[in-house]
Amino acid sequence: MHFRLSARSVFIRLLLVLLLSAALGFIFGVALPALLIATLALLIWHYHHLFKLIDWLWKSKAISPPQSEGIWGRIYDGLYRQIKQQRNKQKALNERIRRFRDGAEALPDAALVLADDLTIQWGNKKAHRLLGIRWPGDLGQRIDNLLRAPEFAKYLETGVYDAPCLLVSPVNNEVQLELRLMAYGSDQILLLARDISRIHRLEEMRRDFVANVSHELKTPLTVVRGYVEMIQTTEHALDPHWLQAFNTIESQVTRMDRLVEQLLILSRVEIQADIETNTPIAMPRLISQLVDDAQWLNQEKQHKITLELDEDLGITGIDTEIKSACANLISNAISYTQANGNIQVRWCQDGNKGIFSVKDDGPGIRPEDINRLTERFYRVDKSRSRDTGGSGLGLAIVKHVLHHHNAELGIHSQVGKGSEFVIYFEQSRLIDLSETQVQEGAALTDA
Ligand code: ADP
């Protein structure tokens with residue numbers, strides 16, 4: 001235990017020692033040499049402690065410093081306190097790191113901590129099992145050198161990590177992974193990979209089930225429709241009650257047929273989700289054809305349909321899917337706009353985006369419904385939608401097609417004023433048709 005030392009008391013003590021030695025020296029008539037000897041002794045004492053300190057810092061393994069009094073005692077104590085504080089901090093930090101690692105090991109997912117240059121800093125055991133990445137063996141390696149799936153390379157290239165990246169595990173091709181990247185700390189990235197094989201298999205089963213059921217329903221529906229048409233066109237006059245019954249059967253069969261057709265399109269789009277979409281499509285020709293076909297649908301309501309086209313602008317993609325998406329937007333505008341409405345169809349480039357827009361002056365859609373429109377079977381007004389023969393699948397098909405083509409759907413609507421449905425195509429999909437050869441008829445295959 002040392003008493004508090006102030007600079008003043010140290011100097012007073014030094015002065016006392018020097019005065020005392022000068023006084024003693026004066027008594028014996030050697031005042032100056034006595035003063036010199038005292039100064040030298042003081043210097044030696046300080047050097048002695050300085051070397052003790054160096055020895056302790058560089059050679060000693062003990063954390064407790066050498067014992068000393070006075071100013072050197074204070075120095076040793078201060079250093080000891082610092083070391084102890086540092087040790088406690090280190091201990092707390094180690095404890096935190098241990099807890100983080102235990103937590104990360106307990107995760108059901110593979111976890112990797114990456115530096116901002118994508119080099120691996122840390123990984124849990126599941127990262128080895130799911131991604132084949134060892135820690136600390138792969139420490140400092142770039143993740144894209146170890147995970148070489150093209151989907152992952154593309155995902156990194158986009159630099160947008162809002163949605164997960166799906167890929168097959170490099171360790172076991174039966175395992176389907178969902179990979180997510182997120183900012184971690186100030187300059188690190190956390191990569192989480194989850195085994196979604198079970199969900200993936202269930203999703204596949206659901207898709208196959210819907211596709212098979214829809215396919216199987218087509219034949220009986222065709223048979224029923226054939227018989228109904230045969231009866232309706234029979235030479236013998238039918239009782240009006242029966243005629244009405246057969247008309248109802250026919251319209252319901254038509255509805256069901258359309259529903260089955262849309263379900264088949266939806267499952268086809270879902271099944272094709274992994275197929276590369278790079279065929280050139282002559283959009284002006286495809287859209288003109290759709291608008292011509294729409295005139296047939298428009299006979300009853302007599303809307304004024306205007307068309308504005310950039311004749312040289314095309315895209316790459318799957319023509320049948322694009323045709324289906326554009327047709328849905330046009331037929332919705334015709335169905336949901338009151339008679340004699342105005343519908344504007346537009347295909348052009350705006351900045352670096354390709355834009356397909358269908359604008360109507362129909363009833364509009366409430367903001368709370370807009371976000372739900374692309375859900376399967378979602379209809380704003382079920383009875384009105386049923387009257388128009390709507391199934392609630394049209395915009396779900398549009399959403400899937402656009403996702404497959406990295407395009408986005410914008411819905412701008414005001415109740416009482418009308419709606420505009422806009423498809424935004426990425427610049428990477430746009431092509432100049434004056435320079436590109438598009439296969440004749442390719443864009444007009446039936447959806
Ligand atoms: P549906 O087969 O019922 O038309 P969609 O998925 O194509 O299904 O559309 C979903 C719902 O969105 C429709 O039921 C309708 O209420 C609304 N909707 C779609 N297009 C328009 C539009 N142009 N104007 C007003 N409402 C629309």
# chains A, B, ... in the order shown; residues from 1 in each chain; ligands from 1
call {"tool": "residues_near_ligand", "arguments": {"ligand": "ligand 1", "cutoff": "9 Å", "atoms": "only C-alpha atoms and all ligand atoms", "output": "number ranges by chain"}}
result
A: 259, 262, 328-337, 358-365, 369-370, 372-382, 384-386, 388-398, 413, 415, 418-421
call {"tool": "select_by_dssp", "arguments": {"residues": "stretch 246-446 of chain A", "states": "alpha helix (DSSP H)", "output": "NGL selection string"}}
result
:A and (246-271 or 283-297 or 319-336 or 367-370 or 382-387 or 394-404)
call {"tool": "residues_around", "arguments": {"residues": "A:Lys84", "least_positions_apart": "5", "cutoff": "12 Å", "atoms": "only C-alpha atoms", "output": "CSV table (one decimal) with N, CA, C and O atoms, in the first residue's frame"}}
result
chain,number,residue,atom,x,y,z
A,63,ILE,N,3.1,-11.7,-13.4
A,63,ILE,CA,2.4,-10.5,-13.7
A,63,ILE,C,2.5,-9.5,-12.6
A,63,ILE,O,2.4,-8.3,-12.8
A,64,SER,N,2.8,-10.0,-11.3
A,64,SER,CA,3.0,-9.0,-10.2
A,64,SER,C,4.3,-8.3,-10.4
A,64,SER,O,5.4,-9.0,-10.6
A,65,PRO,N,4.4,-7.0,-10.3
A,65,PRO,CA,5.7,-6.3,-10.5
A,65,PRO,C,6.6,-6.4,-9.3
A,65,PRO,O,6.2,-6.8,-8.2
A,77,ASP,N,2.9,-0.1,-9.4
A,77,ASP,CA,1.5,-0.3,-9.1
A,77,ASP,C,0.6,0.1,-10.3
A,77,ASP,O,-0.4,-0.6,-10.6
A,78,GLY,N,0.9,1.3,-10.9
A,78,GLY,CA,0.1,1.8,-12.0
A,78,GLY,C,0.2,0.7,-13.2
A,78,GLY,O,-0.9,0.4,-13.8
A,79,LEU,N,1.4,0.2,-13.5
A,79,LEU,CA,1.5,-0.7,-14.6
A,79,LEU,C,0.7,-2.0,-14.3
A,79,LEU,O,0.0,-2.6,-15.1
A,89,LYS,N,-10.5,-7.2,-19.4
A,89,LYS,CA,-11.2,-6.9,-20.6
A,89,LYS,C,-11.0,-8.1,-21.6
A,89,LYS,O,-12.0,-8.5,-22.3
A,90,GLN,N,-9.8,-8.6,-21.7
A,90,GLN,CA,-9.6,-9.8,-22.6
A,90,GLN,C,-10.5,-10.9,-22.2
A,90,GLN,O,-11.0,-11.6,-23.1
A,91,LYS,N,-10.6,-11.2,-20.9
A,91,LYS,CA,-11.4,-12.3,-20.4
A,91,LYS,C,-12.8,-12.1,-20.9
A,91,LYS,O,-13.5,-13.0,-21.4
call {"tool": "residues_around", "arguments": {"residues": "stretch 263-268 of chain A", "least_positions_apart": "3", "cutoff": "6 Å", "atoms": "only C-alpha atoms", "output": "list in words"}}
result
Ala211, Val260, Ile271 and Ile397 of chain A
call {"tool": "select_by_dssp", "arguments": {"residues": "stretch 329-432 of chain A", "states": "strand (DSSP E)", "output": "PDB file with C-alpha atoms, in the first residue's frame"}}
result
ATOM      1  CA  ASN A 342     -60.130   4.496 -72.891  1.00  0.00           C
ATOM      2  CA  ILE A 343     -57.242   2.049 -72.840  1.00  0.00           C
ATOM      3  CA  GLN A 344     -53.704   3.061 -73.770  1.00  0.00           C
ATOM      4  CA  VAL A 345     -51.113   0.375 -74.504  1.00  0.00           C
ATOM      5  CA  ARG A 346     -47.524   1.591 -74.665  1.00  0.00           C
ATOM      6  CA  TRP A 347     -44.162  -0.063 -75.406  1.00  0.00           C
ATOM      7  CA  CYS A 348     -41.119   2.186 -75.204  1.00  0.00           C
ATOM      8  CA  GLN A 349     -37.792   2.819 -73.527  1.00  0.00           C
ATOM      9  CA  ASP A 350     -37.626   5.194 -70.595  1.00  0.00           C
ATOM     10  CA  LYS A 353     -35.711   0.541 -68.709  1.00  0.00           C
ATOM     11  CA  GLY A 354     -37.998  -1.060 -71.255  1.00  0.00           C
ATOM     12  CA  ILE A 355     -41.582  -0.173 -70.423  1.00  0.00           C
ATOM     13  CA  PHE A 356     -44.783  -2.022 -71.277  1.00  0.00           C
ATOM     14  CA  SER A 357     -47.751  -0.138 -69.897  1.00  0.00           C
ATOM     15  CA  VAL A 358     -51.510  -0.629 -70.003  1.00  0.00           C
ATOM     16  CA  LYS A 359     -53.474   2.381 -68.758  1.00  0.00           C
ATOM     17  CA  ASP A 360     -57.238   2.540 -68.392  1.00  0.00           C
ATOM     18  CA  GLU A 408     -40.812  -5.614 -62.118  1.00  0.00           C
ATOM     19  CA  LEU A 409     -44.493  -4.802 -62.053  1.00  0.00           C
ATOM     20  CA  GLY A 410     -45.658  -1.314 -61.085  1.00  0.00           C
ATOM     21  CA  ILE A 411     -49.329  -0.726 -60.292  1.00  0.00           C
ATOM     22  CA  HIS A 412     -50.447   2.907 -60.183  1.00  0.00           C
ATOM     23  CA  SER A 413     -54.103   3.417 -59.513  1.00  0.00           C
ATOM     24  CA  GLN A 414     -56.578   5.936 -58.175  1.00  0.00           C
ATOM     25  CA  GLY A 418     -58.264   4.470 -63.487  1.00  0.00           C
ATOM     26  CA  SER A 419     -55.252   2.191 -63.279  1.00  0.00           C
ATOM     27  CA  GLU A 420     -51.923   1.777 -64.957  1.00  0.00           C
ATOM     28  CA  PHE A 421     -50.081  -1.540 -64.913  1.00  0.00           C
ATOM     29  CA  VAL A 422     -46.437  -1.147 -65.957  1.00  0.00           C
ATOM     30  CA  ILE A 423     -43.811  -3.793 -66.610  1.00  0.00           C
ATOM     31  CA  TYR A 424     -40.243  -2.529 -66.196  1.00  0.00           C
ATOM     32  CA  PHE A 425     -37.625  -4.566 -68.081  1.00  0.00           C
ATOM     33  CA  LEU A 430     -33.326  -4.793 -74.131  1.00  0.00           C
ATOM     34  CA  ILE A 431     -32.299  -5.355 -77.746  1.00  0.00           C
ATOM     35  CA  ASP A 432     -32.328  -3.202 -80.867  1.00  0.00           C
TER      36      ASP A 432
END
call {"tool": "residues_around", "arguments": {"residues": "stretch 98-108 of chain A", "least_positions_apart": "2", "cutoff": "9 Å", "atoms": "only C-alpha atoms", "output": "PDB file with N, CA, C and O atoms, in the first residue's frame"}}
result
ATOM      1  N   LEU A  93     -13.939 -10.298 -23.279  1.00  0.00           N
ATOM      2  CA  LEU A  93     -14.031 -10.409 -24.734  1.00  0.00           C
ATOM      3  C   LEU A  93     -14.036 -11.883 -25.163  1.00  0.00           C
ATOM      4  O   LEU A  93     -14.837 -12.307 -26.007  1.00  0.00           O
ATOM      5  N   ASN A  94     -13.133 -12.665 -24.554  1.00  0.00           N
ATOM      6  CA  ASN A  94     -13.084 -14.103 -24.875  1.00  0.00           C
ATOM      7  C   ASN A  94     -14.406 -14.770 -24.565  1.00  0.00           C
ATOM      8  O   ASN A  94     -14.886 -15.617 -25.316  1.00  0.00           O
ATOM      9  N   GLU A  95     -14.985 -14.350 -23.429  1.00  0.00           N
ATOM     10  CA  GLU A  95     -16.272 -14.933 -23.018  1.00  0.00           C
ATOM     11  C   GLU A  95     -17.350 -14.608 -24.052  1.00  0.00           C
ATOM     12  O   GLU A  95     -18.140 -15.464 -24.448  1.00  0.00           O
ATOM     13  N   ARG A  96     -17.309 -13.328 -24.525  1.00  0.00           N
ATOM     14  CA  ARG A  96     -18.302 -12.921 -25.531  1.00  0.00           C
ATOM     15  C   ARG A  96     -18.107 -13.702 -26.824  1.00  0.00           C
ATOM     16  O   ARG A  96     -19.053 -14.163 -27.430  1.00  0.00           O
ATOM     17  N   ALA A 110     -25.801 -22.964 -41.829  1.00  0.00           N
ATOM     18  CA  ALA A 110     -24.363 -22.753 -41.975  1.00  0.00           C
ATOM     19  C   ALA A 110     -24.131 -21.254 -41.862  1.00  0.00           C
ATOM     20  O   ALA A 110     -24.871 -20.476 -42.455  1.00  0.00           O
ATOM     21  N   ALA A 111     -23.123 -20.854 -41.068  1.00  0.00           N
ATOM     22  CA  ALA A 111     -22.856 -19.412 -40.911  1.00  0.00           C
ATOM     23  C   ALA A 111     -21.395 -19.128 -41.222  1.00  0.00           C
ATOM     24  O   ALA A 111     -20.502 -19.855 -40.776  1.00  0.00           O
ATOM     25  N   GLY A 123     -16.180 -19.513 -39.646  1.00  0.00           N
ATOM     26  CA  GLY A 123     -17.302 -20.338 -40.110  1.00  0.00           C
ATOM     27  C   GLY A 123     -17.672 -21.366 -39.065  1.00  0.00           C
ATOM     28  O   GLY A 123     -16.818 -21.788 -38.276  1.00  0.00           O
ATOM     29  N   ASN A 124     -18.937 -21.776 -39.018  1.00  0.00           N
ATOM     30  CA  ASN A 124     -19.314 -22.810 -38.047  1.00  0.00           C
ATOM     31  C   ASN A 124     -19.201 -24.197 -38.696  1.00  0.00           C
ATOM     32  O   ASN A 124     -18.880 -24.319 -39.873  1.00  0.00           O
ATOM     33  N   LYS A 125     -19.489 -25.222 -37.878  1.00  0.00           N
ATOM     34  CA  LYS A 125     -19.277 -26.596 -38.378  1.00  0.00           C
ATOM     35  C   LYS A 125     -20.241 -26.919 -39.515  1.00  0.00           C
ATOM     36  O   LYS A 125     -19.917 -27.658 -40.431  1.00  0.00           O
ATOM     37  N   LYS A 126     -21.453 -26.312 -39.450  1.00  0.00           N
ATOM     38  CA  LYS A 126     -22.433 -26.629 -40.509  1.00  0.00           C
ATOM     39  C   LYS A 126     -21.993 -26.053 -41.858  1.00  0.00           C
ATOM     40  O   LYS A 126     -22.418 -26.534 -42.898  1.00  0.00           O
ATOM     41  N   ARG A 194     -29.181 -22.164 -45.538  1.00  0.00           N
ATOM     42  CA  ARG A 194     -30.160 -23.064 -44.896  1.00  0.00           C
ATOM     43  C   ARG A 194     -30.521 -24.210 -45.831  1.00  0.00           C
ATOM     44  O   ARG A 194     -30.664 -23.990 -47.042  1.00  0.00           O
ATOM     45  N   ASP A 195     -30.633 -25.382 -45.260  1.00  0.00           N
ATOM     46  CA  ASP A 195     -31.041 -26.547 -46.052  1.00  0.00           C
ATOM     47  C   ASP A 195     -32.565 -26.488 -46.240  1.00  0.00           C
ATOM     48  O   ASP A 195     -33.321 -26.620 -45.282  1.00  0.00           O
TER      49      ASP A 195
END
call {"tool": "closest_residue", "arguments": {"among": "A:Gln232, A:Asn340, A:Pro284, A:Tyr80", "to": "A:Lys301", "atoms": "only C-alpha atoms"}}
result
A:Asn340
call {"tool": "atom_distance", "arguments": {"atom1": "atom CA of A:Leu243", "atom2": "atom CA of A:Asn298"}}
result
26.7 Å
call {"tool": "residues_around", "arguments": {"residues": "A:Thr219", "least_positions_apart": "5", "cutoff": "12 Å", "atoms": "only C-alpha atoms", "output": "CSV table (one decimal) with all heavy atoms, in the first residue's frame"}}
result
chain,number,residue,atom,x,y,z
A,212,ASN,N,-50.7,-31.8,-62.8
A,212,ASN,CA,-51.3,-33.0,-63.2
A,212,ASN,C,-52.8,-32.9,-63.1
A,212,ASN,O,-53.5,-33.4,-64.0
A,212,ASN,CB,-50.8,-34.2,-62.3
A,212,ASN,CG,-49.4,-34.5,-62.6
A,212,ASN,OD1,-48.9,-34.2,-63.7
A,212,ASN,ND2,-48.7,-35.1,-61.6
A,213,VAL,N,-53.3,-32.4,-62.0
A,213,VAL,CA,-54.8,-32.3,-61.8
A,213,VAL,C,-55.3,-31.4,-62.9
A,213,VAL,O,-56.3,-31.8,-63.6
A,213,VAL,CB,-55.1,-31.6,-60.4
A,213,VAL,CG1,-56.6,-31.3,-60.4
A,213,VAL,CG2,-54.8,-32.6,-59.3
A,214,SER,N,-54.7,-30.3,-63.2
A,214,SER,CA,-55.2,-29.4,-64.3
A,214,SER,C,-55.2,-30.1,-65.6
A,214,SER,O,-56.2,-30.0,-66.4
A,214,SER,CB,-54.3,-28.1,-64.4
A,214,SER,OG,-54.0,-27.6,-63.2
A,224,VAL,N,-67.5,-32.8,-71.7
A,224,VAL,CA,-68.8,-32.2,-71.2
A,224,VAL,C,-69.2,-31.0,-72.2
A,224,VAL,O,-70.3,-30.9,-72.6
A,224,VAL,CB,-68.6,-31.6,-69.8
A,224,VAL,CG1,-69.9,-30.9,-69.4
A,224,VAL,CG2,-68.4,-32.8,-68.8
A,225,ARG,N,-68.1,-30.2,-72.5
A,225,ARG,CA,-68.4,-29.1,-73.4
A,225,ARG,C,-68.9,-29.6,-74.8
A,225,ARG,O,-69.9,-29.0,-75.3
A,225,ARG,CB,-67.2,-28.2,-73.6
A,225,ARG,CG,-67.4,-27.0,-74.5
A,225,ARG,CD,-66.1,-26.6,-75.1
A,225,ARG,NE,-65.3,-25.8,-74.1
A,225,ARG,CZ,-65.5,-24.5,-73.9
A,225,ARG,NH1,-66.5,-23.9,-74.5
A,225,ARG,NH2,-64.8,-23.9,-73.0
A,226,GLY,N,-68.3,-30.6,-75.3
A,226,GLY,CA,-68.7,-31.2,-76.6
A,226,GLY,C,-70.2,-31.6,-76.5
A,226,GLY,O,-71.0,-31.2,-77.4
A,253,VAL,N,-68.7,-24.3,-67.6
A,253,VAL,CA,-67.7,-25.2,-68.2
A,253,VAL,C,-66.6,-24.2,-68.8
A,253,VAL,O,-65.4,-24.5,-68.6
A,253,VAL,CB,-68.2,-26.2,-69.2
A,253,VAL,CG1,-67.1,-26.8,-70.0
A,253,VAL,CG2,-69.0,-27.2,-68.5
A,257,ASP,N,-62.8,-24.2,-67.7
A,257,ASP,CA,-61.8,-24.4,-68.7
A,257,ASP,C,-60.7,-23.3,-68.6
A,257,ASP,O,-59.5,-23.6,-68.7
A,257,ASP,CB,-62.5,-24.3,-70.0
A,257,ASP,CG,-61.8,-25.2,-71.1
A,257,ASP,OD1,-61.1,-26.1,-70.6
A,257,ASP,OD2,-61.9,-24.8,-72.3
A,260,VAL,N,-58.6,-23.8,-65.5
A,260,VAL,CA,-57.7,-24.9,-65.7
A,260,VAL,C,-56.5,-24.5,-66.6
A,260,VAL,O,-55.4,-24.7,-66.3
A,260,VAL,CB,-58.4,-26.1,-66.3
A,260,VAL,CG1,-57.4,-27.2,-66.8
A,260,VAL,CG2,-59.3,-26.8,-65.2
A,261,GLU,N,-56.9,-23.7,-67.6
A,261,GLU,CA,-55.9,-23.2,-68.6
A,261,GLU,C,-54.9,-22.3,-67.8
A,261,GLU,O,-53.7,-22.4,-68.0
A,261,GLU,CB,-56.6,-22.4,-69.7
A,261,GLU,CG,-55.8,-22.0,-70.9
A,261,GLU,CD,-55.1,-23.2,-71.5
A,261,GLU,OE1,-55.8,-24.3,-71.8
A,261,GLU,OE2,-53.9,-23.2,-71.7
call {"tool": "residues_around", "arguments": {"residues": "A:Leu166", "least_positions_apart": "4", "cutoff": "10 Å", "atoms": "only C-alpha atoms", "output": "PyMOL selection string"}}
result
chain A and resi 151-152+155+176-180+193-194+196
call {"tool": "write_last_selection", "arguments": {"atoms": "N, CA, C and O atoms", "output": "PDB file, in the first residue's frame"}}
result
ATOM      1  N   GLU A 151     -25.131 -19.433 -60.137  1.00  0.00           N
ATOM      2  CA  GLU A 151     -26.194 -18.645 -59.488  1.00  0.00           C
ATOM      3  C   GLU A 151     -25.588 -17.735 -58.419  1.00  0.00           C
ATOM      4  O   GLU A 151     -25.993 -16.584 -58.261  1.00  0.00           O
ATOM      5  N   PHE A 152     -24.602 -18.272 -57.703  1.00  0.00           N
ATOM      6  CA  PHE A 152     -24.001 -17.504 -56.619  1.00  0.00           C
ATOM      7  C   PHE A 152     -23.155 -16.358 -57.187  1.00  0.00           C
ATOM      8  O   PHE A 152     -23.186 -15.234 -56.676  1.00  0.00           O
ATOM      9  N   TYR A 155     -25.458 -13.703 -58.202  1.00  0.00           N
ATOM     10  CA  TYR A 155     -26.016 -13.070 -56.995  1.00  0.00           C
ATOM     11  C   TYR A 155     -25.025 -12.034 -56.444  1.00  0.00           C
ATOM     12  O   TYR A 155     -25.401 -10.916 -56.104  1.00  0.00           O
ATOM     13  N   GLN A 176     -30.754 -28.829 -51.361  1.00  0.00           N
ATOM     14  CA  GLN A 176     -31.045 -27.512 -51.925  1.00  0.00           C
ATOM     15  C   GLN A 176     -30.797 -26.465 -50.841  1.00  0.00           C
ATOM     16  O   GLN A 176     -31.265 -26.624 -49.705  1.00  0.00           O
ATOM     17  N   LEU A 177     -30.059 -25.428 -51.167  1.00  0.00           N
ATOM     18  CA  LEU A 177     -29.723 -24.423 -50.149  1.00  0.00           C
ATOM     19  C   LEU A 177     -30.346 -23.072 -50.464  1.00  0.00           C
ATOM     20  O   LEU A 177     -30.490 -22.700 -51.625  1.00  0.00           O
ATOM     21  N   GLU A 178     -30.681 -22.368 -49.389  1.00  0.00           N
ATOM     22  CA  GLU A 178     -31.120 -20.975 -49.528  1.00  0.00           C
ATOM     23  C   GLU A 178     -30.061 -20.118 -48.842  1.00  0.00           C
ATOM     24  O   GLU A 178     -29.815 -20.277 -47.651  1.00  0.00           O
ATOM     25  N   LEU A 179     -29.422 -19.274 -49.613  1.00  0.00           N
ATOM     26  CA  LEU A 179     -28.297 -18.489 -49.102  1.00  0.00           C
ATOM     27  C   LEU A 179     -28.673 -17.029 -48.922  1.00  0.00           C
ATOM     28  O   LEU A 179     -29.314 -16.451 -49.793  1.00  0.00           O
ATOM     29  N   ARG A 180     -28.294 -16.462 -47.785  1.00  0.00           N
ATOM     30  CA  ARG A 180     -28.571 -15.040 -47.567  1.00  0.00           C
ATOM     31  C   ARG A 180     -27.303 -14.338 -47.152  1.00  0.00           C
ATOM     32  O   ARG A 180     -26.515 -14.891 -46.375  1.00  0.00           O
ATOM     33  N   ALA A 193     -26.555 -20.067 -44.740  1.00  0.00           N
ATOM     34  CA  ALA A 193     -27.067 -21.016 -45.747  1.00  0.00           C
ATOM     35  C   ALA A 193     -27.962 -22.019 -45.041  1.00  0.00           C
ATOM     36  O   ALA A 193     -27.560 -22.610 -44.038  1.00  0.00           O
ATOM     37  N   ARG A 194     -29.181 -22.164 -45.538  1.00  0.00           N
ATOM     38  CA  ARG A 194     -30.160 -23.064 -44.896  1.00  0.00           C
ATOM     39  C   ARG A 194     -30.521 -24.210 -45.831  1.00  0.00           C
ATOM     40  O   ARG A 194     -30.664 -23.990 -47.042  1.00  0.00           O
ATOM     41  N   ILE A 196     -33.004 -26.247 -47.484  1.00  0.00           N
ATOM     42  CA  ILE A 196     -34.449 -26.155 -47.727  1.00  0.00           C
ATOM     43  C   ILE A 196     -34.916 -27.313 -48.621  1.00  0.00           C
ATOM     44  O   ILE A 196     -35.919 -27.206 -49.313  1.00  0.00           O
TER      45      ILE A 196
END
call {"tool": "atom_distance", "arguments": {"atom1": "atom CA of A:Val438", "atom2": "atom CA of A:Asp293"}}
result
21.5 Å
call {"tool": "closest_residue", "arguments": {"among": "A:Val30, A:Leu36, A:Ile322, A:Leu156", "to": "A:Pro280", "atoms": "only C-alpha atoms"}}
result
A:Ile322
